[in-house]
Amino acid sequence: MNQSGFIAAIDLGTSKITGIVGRKNDDNVISVIAYETISSNRCIRRGLVYNIEETGAKVRKLITLLENKLQRKIGKVYVSIAGQSLYAVTHTVNKQLSSSGIVTESVIDQMHKEAEKFMPEMSKRYDIADVEYIINGKAEPQPVGVTATEIQANYQMIVGRPNIITNIEKSITEKANLEIAGYVMGPLAGADIALNENEKELGCAYIDFGAGTTSLSIYKGGKLRYMVVIPFGGATITRDICDLNFIESDAETYKTKFGKTYEASETGFFNSFTSKPDIDLPMLNQVIMLRMQEIVDNIKEQIKLSGYQDQLGAGLVITGGASELKNLNLFLKENLNMPIRNASAKKTSVNNFPELANDPSFTQALGLLLYGWENCEEQLIEEEIWQEETEKQKPKSVRKPKQGGKKRGGFFTKMENMLGGMFDDEDDDDDN
């Protein structure tokens with residue numbers, strides 16, 4: 001991408017909507033140009049757009065703030081996909097070759113096209129996250145050129161409810177008047193910018209503790225093997241604290257400043273705000289730990305279901321805004337008996353704005369930029385219009401918006417039009 005352009009991305013989080021603009025070099029190293037955040041204020045719930053009008057207005061405001069910093073116009077954006085219904089499934093494609101067959105690029109392309117036809121029942125395929133090729137019963141990372149009579153490909157498909165992107169399109173394309181350059185799986189983007197190759201190879205459980213959800217992605221042998229989204233997060237804990245008779249803003253402050261998830265031995269009361277009721281620290285921490293125990297129990301069960309519980313040599317890698325809860329790493333280590341690494345974006349992936357690279361709440365947003373390839377700057381063309389005047393003719397330059405590239409996601413749009421609101425998330429109305 002030339003220096004006159006940039007990649008723009010929107011991360012639709014349950015607690016905040018993040019807009020980020022940057023460039024990438026040939027080594028996929030990101031230079032952040034500008035970023036802004038706006039509180040979601042419950043228009044996003046469990047990673048899903050709940051209030052279309054409010055989300056659209058917030059995104060439009062976010063874009064305006066970014067454009068003021070850039071002194072340029074943003075014509076399109078990449079958008080994160082999240083939500084509690086997302087999970088990974090393995091889809092296998094086999095292809096027979098002749099007795100003296102050689103695996104070619106054409107064979108790999110044919111298998112990939114076959115995999116793209118996969119349509120899970122009552123769900124929708126949103127991405128092909130990874131693929132592992134098996135030849136003669138062994139994994140083959142570079143199958144092209146290998147002689148074989150049969151090749152097997154195991155594709156990791158990310159699937160979820162068919163209507164996940166319906167409200168995203170309505171809020172961003174219709175209400176915020178922005179073109180969507182592409183959709184990016186949030187958990188995959190975060191893992192790609194946070195994990196190193198050794199962790200993926202040895203095996204690790206990558207956990208993104210968000211506000212509305214907690215996503216678990218398991219890697220082994222350099223590949224994604226398992227992914228699931230747990231419908232609880234930091235905002236769930238905050239609402240639990242509200243039940244102690246606090247408004248949400250105070251509950252969030254108590255949680256982040258004074259709450260702990262492990263060894264909460266403090267006793268007594270404190271009053272950090274004038275005219276606010278006292279809070280019992282042991283009670284606060286008990287509420288936090290009870291909900292966190294439920295989240296961790298779900299994580300533990302999902303790791304067991306994955307079949308990789310004894311193969312995670314690199315242990316747990318945690319990130320996300322809710323991962324900053326005090327002593328969470330100690331709580332996880334005791335419950336899951338694994339080494340823990342607190343992660344954010346790798347320093348080798350972001351060459352400026354260290355405050356972003358070191359902030360786990362920005363891990364996913366930064367990861368979105370790794371997936372961008374189109375220039376998101378609004379392109380302008382100049383048309384010379386000669387206007388006759390009484391004394392002389394003067395060339396005048398009129399700048400008109402140029403239509404952006406072909407909108408990605410057309411397949412999604414067609415499918416949504418067919419499926420409509422069959423799977424509306426009515427059961428999420430009281431969450432996040």
# chains A, B, ... in the order shown; residues from 1 in each chain; ligands from 1
$ residues_around --residues "A:Glu105" --least-positions-apart "4" --cutoff "9 Å" --atoms "only C-alpha atoms" --output "PyMOL selection string"
chain A and resi 109-110+144-145
$ residues_around --residues "stretch 189-197 of chain A" --least-positions-apart "5" --cutoff "9 Å" --atoms "only C-alpha atoms" --output "PyMOL selection string"
chain A and resi 80+184+202+206-208+217+222+317+319-320+343-346+349+362-371
$ write_last_selection --atoms "C-alpha atoms" --output "short mmCIF file (atom, residue, chain, number, x, y, z; two decimals), in the first residue's frame"
data_model
loop_
_atom_site.label_atom_id
_atom_site.label_comp_id
_atom_site.auth_asym_id
_atom_site.auth_seq_id
_atom_site.Cartn_x
_atom_site.Cartn_y
_atom_site.Cartn_z
CA SER A 80 -14.82 -7.42 13.40
CA VAL A 184 -12.60 -10.26 10.12
CA LEU A 202 3.84 -26.21 21.17
CA TYR A 206 -5.55 -18.37 23.77
CA ILE A 207 -8.22 -16.69 25.90
CA ASP A 208 -9.61 -13.24 25.15
CA SER A 217 -8.95 -20.62 20.79
CA GLY A 222 0.92 -24.24 14.29
CA VAL A 317 -2.12 -16.93 26.86
CA THR A 319 -5.60 -10.93 26.76
CA GLY A 320 -8.59 -8.59 26.52
CA ALA A 343 -0.43 -10.91 26.26
CA SER A 344 -1.10 -7.91 24.07
CA ALA A 345 0.04 -7.12 20.53
CA LYS A 346 3.57 -8.35 19.81
CA SER A 349 4.00 -6.33 14.94
CA PHE A 362 -6.61 -3.13 22.04
CA THR A 363 -5.23 -6.53 21.00
CA GLN A 364 -8.14 -7.47 18.78
CA ALA A 365 -8.49 -4.02 17.20
CA LEU A 366 -4.82 -4.00 16.21
CA GLY A 367 -5.13 -7.52 14.88
CA LEU A 368 -7.85 -6.38 12.46
CA LEU A 369 -5.25 -4.31 10.59
CA LEU A 370 -3.28 -7.49 9.80
CA TYR A 371 -6.22 -8.70 7.72
#
$ closest_residue --among "A:Ala115, A:Ala88, A:Ile20, A:Met283" --to "A:Tyr219" --atoms "only C-alpha atoms"
A:Ala88
$ residues_around --residues "stretch 42-46 of chain A" --least-positions-apart "3" --cutoff "12 Å" --atoms "only C-alpha atoms" --output "VMD selection string"
chain A and resid 11 to 17 38 to 39 49 to 59 81 to 86 164 167 to 168 171 209 to 215 229 to 236 248 425 to 432
$ write_last_selection --atoms "N, CA and C atoms" --output "short mmCIF file (atom, residue, chain, number, x, y, z; two decimals), in the first residue's frame"
data_model
loop_
_atom_site.label_atom_id
_atom_site.label_comp_id
_atom_site.auth_asym_id
_atom_site.auth_seq_id
_atom_site.Cartn_x
_atom_site.Cartn_y
_atom_site.Cartn_z
N ASP A 11 -13.68 -2.14 15.50
CA ASP A 11 -13.86 -3.28 16.40
C ASP A 11 -15.11 -3.02 17.25
N LEU A 12 -16.15 -3.80 17.01
CA LEU A 12 -17.43 -3.61 17.70
C LEU A 12 -17.42 -4.40 19.00
N GLY A 13 -16.95 -3.77 20.05
CA GLY A 13 -16.87 -4.42 21.35
C GLY A 13 -18.08 -4.14 22.21
N THR A 14 -18.31 -4.99 23.19
CA THR A 14 -19.46 -4.83 24.09
C THR A 14 -19.31 -3.60 24.97
N SER A 15 -18.11 -3.28 25.41
CA SER A 15 -17.91 -2.12 26.28
C SER A 15 -17.53 -0.87 25.50
N LYS A 16 -16.82 -1.04 24.38
CA LYS A 16 -16.40 0.12 23.59
C LYS A 16 -16.29 -0.25 22.12
N ILE A 17 -16.52 0.74 21.27
CA ILE A 17 -16.30 0.61 19.84
C ILE A 17 -14.99 1.30 19.53
N ILE A 38 -15.14 4.88 21.57
CA ILE A 38 -16.40 5.42 22.08
C ILE A 38 -17.09 4.32 22.88
N SER A 39 -17.66 4.68 24.00
CA SER A 39 -18.38 3.70 24.81
C SER A 39 -19.55 3.13 24.03
N VAL A 49 -24.39 -6.51 17.39
CA VAL A 49 -25.09 -5.23 17.32
C VAL A 49 -26.52 -5.43 17.79
N TYR A 50 -26.91 -4.68 18.81
CA TYR A 50 -28.25 -4.79 19.39
C TYR A 50 -29.13 -3.61 18.95
N ASN A 51 -28.61 -2.39 19.06
CA ASN A 51 -29.34 -1.19 18.66
C ASN A 51 -28.70 -0.64 17.38
N ILE A 52 -29.39 -0.81 16.27
CA ILE A 52 -28.83 -0.44 14.97
C ILE A 52 -28.63 1.07 14.86
N GLU A 53 -29.64 1.84 15.24
CA GLU A 53 -29.56 3.30 15.14
C GLU A 53 -28.41 3.85 15.98
N GLU A 54 -28.33 3.41 17.22
CA GLU A 54 -27.29 3.92 18.12
C GLU A 54 -25.90 3.50 17.66
N THR A 55 -25.77 2.25 17.22
CA THR A 55 -24.47 1.78 16.74
C THR A 55 -24.04 2.58 15.52
N GLY A 56 -24.96 2.79 14.59
CA GLY A 56 -24.63 3.58 13.40
C GLY A 56 -24.19 4.99 13.75
N ALA A 57 -24.89 5.63 14.70
CA ALA A 57 -24.54 6.99 15.11
C ALA A 57 -23.16 7.03 15.77
N LYS A 58 -22.87 6.03 16.58
CA LYS A 58 -21.57 5.98 17.25
C LYS A 58 -20.44 5.74 16.26
N VAL A 59 -20.67 4.85 15.30
CA VAL A 59 -19.64 4.60 14.28
C VAL A 59 -19.41 5.84 13.44
N ILE A 81 -16.06 -9.50 13.45
CA ILE A 81 -17.22 -10.36 13.69
C ILE A 81 -16.98 -11.09 15.01
N ALA A 82 -17.96 -11.05 15.87
CA ALA A 82 -17.87 -11.73 17.16
C ALA A 82 -19.26 -12.29 17.48
N GLY A 83 -19.44 -12.69 18.72
CA GLY A 83 -20.74 -13.20 19.13
C GLY A 83 -20.65 -14.57 19.75
N GLN A 84 -21.57 -14.84 20.66
CA GLN A 84 -21.52 -16.05 21.46
C GLN A 84 -21.81 -17.31 20.65
N SER A 85 -22.36 -17.19 19.45
CA SER A 85 -22.69 -18.39 18.68
C SER A 85 -21.53 -18.89 17.82
N LEU A 86 -20.42 -18.16 17.76
CA LEU A 86 -19.31 -18.58 16.92
C LEU A 86 -18.56 -19.78 17.51
N ILE A 164 -25.60 -13.02 12.01
CA ILE A 164 -24.64 -12.24 12.79
C ILE A 164 -24.34 -10.90 12.14
N ASN A 167 -27.26 -6.98 11.32
CA ASN A 167 -27.32 -5.69 11.99
C ASN A 167 -26.03 -4.88 11.81
N ILE A 168 -24.91 -5.58 11.60
CA ILE A 168 -23.67 -4.86 11.31
C ILE A 168 -23.81 -4.07 10.01
N SER A 171 -26.23 -1.08 10.39
CA SER A 171 -25.72 0.05 11.17
C SER A 171 -24.57 0.77 10.48
N PHE A 209 -10.45 -12.31 27.22
CA PHE A 209 -11.47 -11.93 28.20
C PHE A 209 -12.05 -10.58 27.80
N GLY A 210 -13.17 -10.60 27.13
CA GLY A 210 -13.83 -9.36 26.73
C GLY A 210 -14.87 -8.94 27.75
N ALA A 211 -15.61 -7.90 27.39
CA ALA A 211 -16.65 -7.41 28.28
C ALA A 211 -17.90 -8.29 28.23
N GLY A 212 -18.32 -8.65 27.00
CA GLY A 212 -19.54 -9.42 26.86
C GLY A 212 -19.33 -10.90 26.73
N THR A 213 -18.17 -11.29 26.20
CA THR A 213 -17.90 -12.71 25.98
C THR A 213 -16.44 -13.02 26.31
N THR A 214 -16.15 -14.30 26.44
CA THR A 214 -14.79 -14.79 26.60
C THR A 214 -14.55 -15.83 25.51
N SER A 215 -13.61 -15.56 24.63
CA SER A 215 -13.36 -16.49 23.53
C SER A 215 -12.15 -17.36 23.85
N VAL A 229 -16.89 -19.58 21.90
CA VAL A 229 -17.13 -18.31 22.60
C VAL A 229 -18.05 -18.57 23.78
N ILE A 230 -17.58 -18.17 24.97
CA ILE A 230 -18.34 -18.35 26.22
C ILE A 230 -19.11 -17.06 26.49
N PRO A 231 -20.42 -17.13 26.75
CA PRO A 231 -21.25 -15.91 26.83
C PRO A 231 -21.18 -15.16 28.17
N PHE A 232 -19.99 -15.06 28.75
CA PHE A 232 -19.80 -14.26 29.96
C PHE A 232 -18.49 -13.49 29.83
N GLY A 233 -18.45 -12.31 30.44
CA GLY A 233 -17.23 -11.51 30.39
C GLY A 233 -17.18 -10.51 31.52
N GLY A 234 -16.34 -9.50 31.35
CA GLY A 234 -16.14 -8.50 32.39
C GLY A 234 -17.40 -7.73 32.73
N ALA A 235 -18.24 -7.46 31.72
CA ALA A 235 -19.48 -6.73 31.98
C ALA A 235 -20.45 -7.56 32.82
N THR A 236 -20.38 -8.88 32.69
CA THR A 236 -21.21 -9.75 33.51
C THR A 236 -20.85 -9.60 34.98
N GLU A 248 -24.03 1.19 37.73
CA GLU A 248 -23.06 0.45 36.91
C GLU A 248 -21.70 1.12 36.85
N ASP A 425 -31.48 -12.78 17.74
CA ASP A 425 -30.91 -13.08 19.06
C ASP A 425 -31.80 -12.54 20.17
N GLU A 426 -33.05 -12.97 20.19
CA GLU A 426 -33.95 -12.46 21.21
C GLU A 426 -33.53 -12.87 22.60
N ASP A 427 -32.82 -14.01 22.70
CA ASP A 427 -32.42 -14.47 24.03
C ASP A 427 -31.29 -13.68 24.60
N ASP A 428 -30.74 -12.73 23.79
CA ASP A 428 -29.64 -11.91 24.29
C ASP A 428 -30.11 -10.58 24.82
N ASP A 429 -31.41 -10.31 24.76
CA ASP A 429 -31.89 -8.98 25.06
C ASP A 429 -31.54 -8.52 26.46
N ASP A 430 -31.40 -9.43 27.39
CA ASP A 430 -31.15 -9.03 28.75
C ASP A 430 -29.69 -9.17 29.12
N ASP A 431 -28.80 -9.39 28.13
CA ASP A 431 -27.38 -9.60 28.40
C ASP A 431 -26.57 -8.55 27.70
N ASN A 432 -25.41 -8.23 28.38
CA ASN A 432 -24.44 -7.32 27.81
C ASN A 432 -25.04 -6.01 27.36
#
$ residues_around --residues "stretch 175-183 of chain A" --least-positions-apart "3" --cutoff "6 Å" --atoms "only C-alpha atoms" --output "list in words"
Gly56, Arg60, Lys76, Val77, Tyr78, Val79, Ser80, Ser171, Ile172, Lys407 and Arg408 of chain A
$ closest_residue --among "A:Phe246, A:Phe353, A:Phe331, A:Tyr35" --to "A:Thr18" --atoms "only C-alpha atoms"
A:Tyr35
$ residues_around --residues "A:Lys304" --least-positions-apart "5" --cutoff "12 Å" --atoms "only C-alpha atoms" --output "ChimeraX atom specification"
/A:205,218,226,297-299,309-312,336
$ select_by_dssp --residues "stretch 195-374 of chain A" --states "alpha helix (DSSP H)" --output "mmCIF file with C-alpha atoms, in the first residue's frame"
data_model
loop_
_atom_site.group_PDB
_atom_site.id
_atom_site.type_symbol
_atom_site.label_atom_id
_atom_site.label_comp_id
_atom_site.auth_asym_id
_atom_site.auth_seq_id
_atom_site.Cartn_x
_atom_site.Cartn_y
_atom_site.Cartn_z
ATOM 1 C CA GLU A 197 4.997 -19.159 16.477
ATOM 2 C CA ASN A 198 6.415 -21.247 19.332
ATOM 3 C CA GLU A 199 3.169 -20.957 21.277
ATOM 4 C CA LYS A 200 1.120 -22.039 18.271
ATOM 5 C CA GLU A 201 3.481 -24.934 17.599
ATOM 6 C CA LEU A 202 3.839 -26.211 21.174
ATOM 7 C CA GLY A 234 -16.144 -8.501 32.390
ATOM 8 C CA ALA A 235 -19.482 -6.732 31.978
ATOM 9 C CA THR A 236 -21.213 -9.753 33.508
ATOM 10 C CA ILE A 237 -19.088 -9.318 36.636
ATOM 11 C CA THR A 238 -19.891 -5.613 36.729
ATOM 12 C CA ARG A 239 -23.629 -6.345 36.651
ATOM 13 C CA ASP A 240 -23.174 -8.835 39.474
ATOM 14 C CA ILE A 241 -21.576 -6.073 41.552
ATOM 15 C CA CYS A 242 -24.537 -3.828 40.750
ATOM 16 C CA GLU A 248 -23.065 0.449 36.913
ATOM 17 C CA SER A 249 -20.367 3.131 36.642
ATOM 18 C CA ASP A 250 -19.454 2.773 40.327
ATOM 19 C CA ALA A 251 -19.584 -1.022 40.120
ATOM 20 C CA GLU A 252 -17.099 -0.933 37.221
ATOM 21 C CA THR A 253 -14.786 1.369 39.180
ATOM 22 C CA TYR A 254 -14.906 -0.819 42.287
ATOM 23 C CA LYS A 255 -14.179 -3.888 40.158
ATOM 24 C CA THR A 256 -11.172 -2.467 38.323
ATOM 25 C CA LYS A 257 -9.623 -0.472 41.198
ATOM 26 C CA PHE A 258 -10.244 -2.656 44.218
ATOM 27 C CA LEU A 281 -14.176 -5.636 50.190
ATOM 28 C CA PRO A 282 -14.516 -9.347 50.992
ATOM 29 C CA MET A 283 -18.057 -9.272 49.623
ATOM 30 C CA LEU A 284 -16.903 -7.450 46.479
ATOM 31 C CA ASN A 285 -14.180 -10.015 45.848
ATOM 32 C CA GLN A 286 -16.499 -12.924 46.577
ATOM 33 C CA VAL A 287 -18.921 -11.675 43.898
ATOM 34 C CA ILE A 288 -16.054 -11.308 41.417
ATOM 35 C CA MET A 289 -14.621 -14.735 42.181
ATOM 36 C CA LEU A 290 -17.973 -16.518 41.973
ATOM 37 C CA ARG A 291 -18.599 -15.260 38.460
ATOM 38 C CA MET A 292 -14.982 -15.768 37.403
ATOM 39 C CA GLN A 293 -15.165 -19.319 38.725
ATOM 40 C CA GLU A 294 -18.125 -19.952 36.428
ATOM 41 C CA ILE A 295 -16.187 -18.548 33.443
ATOM 42 C CA VAL A 296 -13.082 -20.589 34.265
ATOM 43 C CA ASP A 297 -15.128 -23.758 34.776
ATOM 44 C CA ASN A 298 -16.506 -23.256 31.274
ATOM 45 C CA ILE A 299 -12.989 -22.743 29.914
ATOM 46 C CA LYS A 300 -11.765 -25.878 31.653
ATOM 47 C CA GLU A 301 -14.628 -27.941 30.255
ATOM 48 C CA GLN A 302 -14.093 -26.614 26.719
ATOM 49 C CA ILE A 303 -10.365 -27.392 26.842
ATOM 50 C CA LYS A 304 -11.296 -30.927 27.892
ATOM 51 C CA LEU A 305 -13.823 -31.221 25.064
ATOM 52 C CA SER A 306 -11.200 -30.081 22.563
ATOM 53 C CA LEU A 328 -6.494 -13.262 37.441
ATOM 54 C CA ASN A 329 -3.347 -15.084 36.326
ATOM 55 C CA LEU A 330 -2.992 -16.620 39.819
ATOM 56 C CA PHE A 331 -6.638 -17.641 39.811
ATOM 57 C CA LEU A 332 -6.276 -19.312 36.405
ATOM 58 C CA LYS A 333 -3.052 -21.077 37.360
ATOM 59 C CA GLU A 334 -4.644 -22.586 40.448
ATOM 60 C CA ASN A 335 -7.770 -23.710 38.601
ATOM 61 C CA LEU A 336 -6.233 -24.892 35.346
ATOM 62 C CA PRO A 354 3.543 1.484 22.501
ATOM 63 C CA GLU A 355 0.629 2.410 24.750
ATOM 64 C CA LEU A 356 -1.641 0.552 22.325
ATOM 65 C CA ALA A 357 0.637 -2.417 21.781
ATOM 66 C CA THR A 363 -5.227 -6.525 21.002
ATOM 67 C CA GLN A 364 -8.140 -7.473 18.779
ATOM 68 C CA ALA A 365 -8.494 -4.023 17.205
ATOM 69 C CA LEU A 366 -4.817 -3.995 16.213
ATOM 70 C CA GLY A 367 -5.133 -7.516 14.884
ATOM 71 C CA LEU A 368 -7.852 -6.384 12.460
ATOM 72 C CA LEU A 369 -5.254 -4.314 10.587
ATOM 73 C CA LEU A 370 -3.282 -7.488 9.802
#
$ residues_around --residues "stretch 133-139 of chain A" --least-positions-apart "5" --cutoff "8 Å" --atoms "only C-alpha atoms" --output "list in words"
Ala148, Glu150, Ile151, Gln152, Ala153 and Asn154 of chain A
$ atom_distance --atom1 "atom CA of A:Ala8" --atom2 "atom CA of A:Lys347"
20.3 Å
$ select_by_dssp --residues "stretch 57-110 of chain A" --states "strand (DSSP E or B)" --output "list in words"
Ile74, Lys76, Val77, Tyr78, Val79, Ser80, Ile81, Tyr87, Ala88, Val89, Thr90, His91, Thr92, Val93, Asn94, Lys95, Gln96 and Ile102 of chain A
$ write_last_selection --atoms "N, CA and C atoms" --output "PDB file, in the first residue's frame"
ATOM      1  N   ILE A  74     -12.386   8.729   5.194  1.00  0.00           N
ATOM      2  CA  ILE A  74     -12.414   7.276   5.218  1.00  0.00           C
ATOM      3  C   ILE A  74     -13.604   6.802   4.396  1.00  0.00           C
ATOM      4  N   LYS A  76     -14.119   3.325   3.477  1.00  0.00           N
ATOM      5  CA  LYS A  76     -14.536   1.959   3.786  1.00  0.00           C
ATOM      6  C   LYS A  76     -13.784   1.485   5.014  1.00  0.00           C
ATOM      7  N   VAL A  77     -14.305   0.449   5.641  1.00  0.00           N
ATOM      8  CA  VAL A  77     -13.682  -0.075   6.867  1.00  0.00           C
ATOM      9  C   VAL A  77     -13.772  -1.597   6.890  1.00  0.00           C
ATOM     10  N   TYR A  78     -12.817  -2.211   7.568  1.00  0.00           N
ATOM     11  CA  TYR A  78     -12.915  -3.618   7.933  1.00  0.00           C
ATOM     12  C   TYR A  78     -13.615  -3.693   9.294  1.00  0.00           C
ATOM     13  N   VAL A  79     -14.421  -4.718   9.487  1.00  0.00           N
ATOM     14  CA  VAL A  79     -15.246  -4.806  10.685  1.00  0.00           C
ATOM     15  C   VAL A  79     -15.054  -6.184  11.341  1.00  0.00           C
ATOM     16  N   SER A  80     -14.974  -6.173  12.657  1.00  0.00           N
ATOM     17  CA  SER A  80     -14.823  -7.424  13.396  1.00  0.00           C
ATOM     18  C   SER A  80     -16.148  -8.172  13.463  1.00  0.00           C
ATOM     19  N   ILE A  81     -16.057  -9.497  13.449  1.00  0.00           N
ATOM     20  CA  ILE A  81     -17.215 -10.359  13.693  1.00  0.00           C
ATOM     21  C   ILE A  81     -16.978 -11.090  15.008  1.00  0.00           C
ATOM     22  N   TYR A  87     -18.190 -20.679  16.644  1.00  0.00           N
ATOM     23  CA  TYR A  87     -17.356 -21.801  17.075  1.00  0.00           C
ATOM     24  C   TYR A  87     -16.709 -22.417  15.847  1.00  0.00           C
ATOM     25  N   ALA A  88     -15.703 -23.254  16.064  1.00  0.00           N
ATOM     26  CA  ALA A  88     -14.986 -23.894  14.959  1.00  0.00           C
ATOM     27  C   ALA A  88     -15.434 -25.341  14.812  1.00  0.00           C
ATOM     28  N   VAL A  89     -15.565 -25.775  13.574  1.00  0.00           N
ATOM     29  CA  VAL A  89     -15.841 -27.179  13.278  1.00  0.00           C
ATOM     30  C   VAL A  89     -14.828 -27.654  12.243  1.00  0.00           C
ATOM     31  N   THR A  90     -14.494 -28.926  12.294  1.00  0.00           N
ATOM     32  CA  THR A  90     -13.568 -29.502  11.329  1.00  0.00           C
ATOM     33  C   THR A  90     -14.341 -30.115  10.173  1.00  0.00           C
ATOM     34  N   HIS A  91     -13.984 -29.701   8.968  1.00  0.00           N
ATOM     35  CA  HIS A  91     -14.610 -30.255   7.755  1.00  0.00           C
ATOM     36  C   HIS A  91     -13.511 -30.902   6.919  1.00  0.00           C
ATOM     37  N   THR A  92     -13.682 -32.173   6.582  1.00  0.00           N
ATOM     38  CA  THR A  92     -12.648 -32.932   5.885  1.00  0.00           C
ATOM     39  C   THR A  92     -12.996 -33.116   4.411  1.00  0.00           C
ATOM     40  N   VAL A  93     -12.006 -32.873   3.569  1.00  0.00           N
ATOM     41  CA  VAL A  93     -12.138 -33.088   2.125  1.00  0.00           C
ATOM     42  C   VAL A  93     -11.050 -34.071   1.698  1.00  0.00           C
ATOM     43  N   ASN A  94     -11.442 -35.133   1.004  1.00  0.00           N
ATOM     44  CA  ASN A  94     -10.494 -36.129   0.495  1.00  0.00           C
ATOM     45  C   ASN A  94     -10.474 -36.084  -1.022  1.00  0.00           C
ATOM     46  N   LYS A  95      -9.289 -36.301  -1.578  1.00  0.00           N
ATOM     47  CA  LYS A  95      -9.178 -36.331  -3.042  1.00  0.00           C
ATOM     48  C   LYS A  95      -8.263 -37.480  -3.456  1.00  0.00           C
ATOM     49  N   GLN A  96      -8.770 -38.292  -4.363  1.00  0.00           N
ATOM     50  CA  GLN A  96      -8.000 -39.414  -4.890  1.00  0.00           C
ATOM     51  C   GLN A  96      -7.160 -38.944  -6.076  1.00  0.00           C
ATOM     52  N   ILE A 102       0.831 -36.588  -8.436  1.00  0.00           N
ATOM     53  CA  ILE A 102       1.597 -35.572  -7.710  1.00  0.00           C
ATOM     54  C   ILE A 102       0.620 -34.485  -7.285  1.00  0.00           C
TER      55      ILE A 102
END
$ atom_distance --atom1 "atom CA of A:Glu121" --atom2 "atom CA of A:Thr166"
18.6 Å
$ closest_residue --among "A:Lys124, A:Val146, A:Tyr262, A:Gln71" --to "A:Ile108" --atoms "only C-alpha atoms"
A:Val146
$ atom_distance --atom1 "atom CA of A:Arg161" --atom2 "atom CA of A:Trp373"
26.7 Å
